[in-house]
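Novice: If it helps, the file is called target_9.txt and holds compact mmCIF, C-alpha atoms:
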# COMPACT_ATOMS: atom_id res chain seq x y z
CA MET B 1 -28.60 59.24 49.87
CA ASP B 2 -25.18 57.63 50.16
CA LEU B 3 -22.13 59.72 49.44
CA GLU B 4 -19.72 57.55 47.53
CA PHE B 5 -16.37 58.95 46.52
CA ILE B 6 -14.04 57.84 43.77
CA SER B 7 -10.36 58.57 43.38
CA ILE B 8 -9.46 60.81 40.46
CA GLY B 9 -5.73 60.65 41.17
CA GLU B 10 -3.18 62.76 43.00
CA ASN B 11 -4.92 62.33 46.38
CA SER B 12 -8.17 63.79 45.01
CA LEU B 13 -11.63 62.37 45.57
CA LEU B 14 -14.89 63.13 43.82
CA SER B 15 -18.52 62.51 44.73
CA ALA B 16 -19.66 59.90 42.22
CA SER B 17 -23.31 60.91 42.51
CA ARG B 18 -22.53 64.45 41.28
CA LEU B 19 -20.72 63.31 38.11
CA ILE B 20 -22.60 63.92 34.85
CA ALA B 21 -20.00 63.07 32.20
CA LEU B 22 -16.48 61.72 31.85
CA VAL B 23 -14.70 62.61 28.60
CA GLY B 24 -11.25 62.80 27.08
CA PRO B 25 -9.66 66.23 26.63
CA ASP B 26 -8.66 66.01 22.97
CA SER B 27 -11.70 67.18 21.00
CA ALA B 28 -12.23 70.83 20.11
CA PRO B 29 -15.61 71.06 21.91
CA VAL B 30 -14.07 69.75 25.14
CA ARG B 31 -11.14 72.17 24.86
CA ARG B 32 -13.68 75.01 24.45
CA LEU B 33 -15.59 73.73 27.47
CA ILE B 34 -12.38 73.78 29.53
CA GLN B 35 -11.57 77.34 28.45
CA GLU B 36 -15.11 78.54 29.17
CA ALA B 37 -14.97 76.93 32.63
CA ARG B 38 -11.61 78.62 33.27
CA ASP B 39 -13.07 81.98 32.23
CA ARG B 40 -16.10 81.52 34.53
CA GLY B 41 -13.95 80.40 37.47
CA VAL B 42 -15.45 76.89 37.71
CA LEU B 43 -12.43 74.89 36.48
CA VAL B 44 -10.73 72.64 39.05
CA ASP B 45 -7.37 71.23 37.96
CA CYS B 46 -6.66 68.04 39.93
CA SER B 47 -3.86 66.90 37.62
CA ARG B 48 -1.20 68.63 39.76
CA GLY B 49 0.75 69.73 36.70
CA GLY B 50 0.51 66.39 34.91
CA LYS B 51 -0.99 65.81 31.50
CA THR B 52 -4.78 66.10 31.52
CA ARG B 53 -6.22 62.77 30.43
CA SER B 54 -9.80 63.09 31.71
CA VAL B 55 -12.35 65.85 31.97
CA LEU B 56 -15.16 65.38 34.47
CA ILE B 57 -18.31 67.44 34.18
CA MET B 58 -20.25 67.88 37.41
CA ASP B 59 -23.87 68.71 38.11
CA SER B 60 -22.70 71.90 39.86
CA ASP B 61 -21.41 73.18 36.48
CA HIS B 62 -17.81 72.65 37.60
CA VAL B 63 -15.33 71.11 35.18
CA ILE B 64 -12.60 68.99 36.77
CA LEU B 65 -9.34 67.95 35.11
CA SER B 66 -7.62 64.69 36.06
CA ALA B 67 -4.35 63.05 35.11
CA LEU B 68 -6.01 59.61 35.22
CA ASP B 69 -7.14 57.96 32.01
CA PRO B 70 -10.95 57.77 31.59
CA SER B 71 -10.78 53.96 31.76
CA GLU B 72 -9.13 54.19 35.20
CA ILE B 73 -11.88 56.46 36.48
CA GLU B 74 -14.49 54.17 34.93
CA ALA B 75 -12.97 51.28 36.89
CA GLU B 76 -13.28 53.35 40.07
CA LEU B 77 -16.96 53.97 39.27
CA LYS B 78 -17.59 50.26 38.69
CA LYS B 79 -16.16 49.46 42.15
CA ILE B 80 -19.01 51.33 43.85
CA LYS B 81 -21.85 49.85 41.74
Will you turn the file into structure tokens for me?
Specialist:
Amino acid sequence: MDLEFISIGENSLLSASRLIALVGPDSAPVRRLIQEARDRGVLVDCSRGGKTRSVLIMDSDHVILSALDPSEIEAELKKIK
């Protein structure tokens, strides 16, 4: 099993093989997901105070916030394919 990492901005890397979903933060269900993750202590904010543009859902049940646009993260994923 190869560990391949992608950049999610602000000097943060993520294991691509552990990523389940990549979504935008604007819908009500995603905002609820973020709040529930915050309440459970599994929210990781990698935006470093910037605007959250992407929400990454991991197989470990963690929810990760990124300041990169989903299309930028998608491009990072395509680089490793």
Novice: Just the number, please: distance in Å from CA of Val42 in chain B to CA of Lys78 in chain B, one decimal.
Specialist: 26.7 Å
Novice: Please identify all polymer residues within 10 Å of Leu68 in chain B, counting all atoms listed in the file, omitting same-chain residues fewer than 4 positions from it, and present them as number ranges by chain.
Specialist: B: 7-10, 46-47, 50-55, 72-73
Novice: Between CA of Ala67 in chain B and CA of Lys79 in chain B, what distance in Å does the model show, to one decimal?
Specialist: 19.3 Å
Novice: Set the distance at 6 Å and use all atoms listed in the file: which residues neighbour Leu56 in chain B once local chain neighbours fewer than 2 positions away are removed? I'd like the list as a PyMOL selection string.
Specialist: chain B and resi 21-22+63-64
Novice: Determine the nearest neighbour of Val44 in chain B from the options B:Arg18, B:Ser71, B:Ser12, B:Arg31, counting all atoms listed in the file.
Specialist: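 Ranking B:Arg18, B:Ser71, B:Ser12, B:Arg31 by distance to Val44 in chain B, first place goes to B:Ser12.
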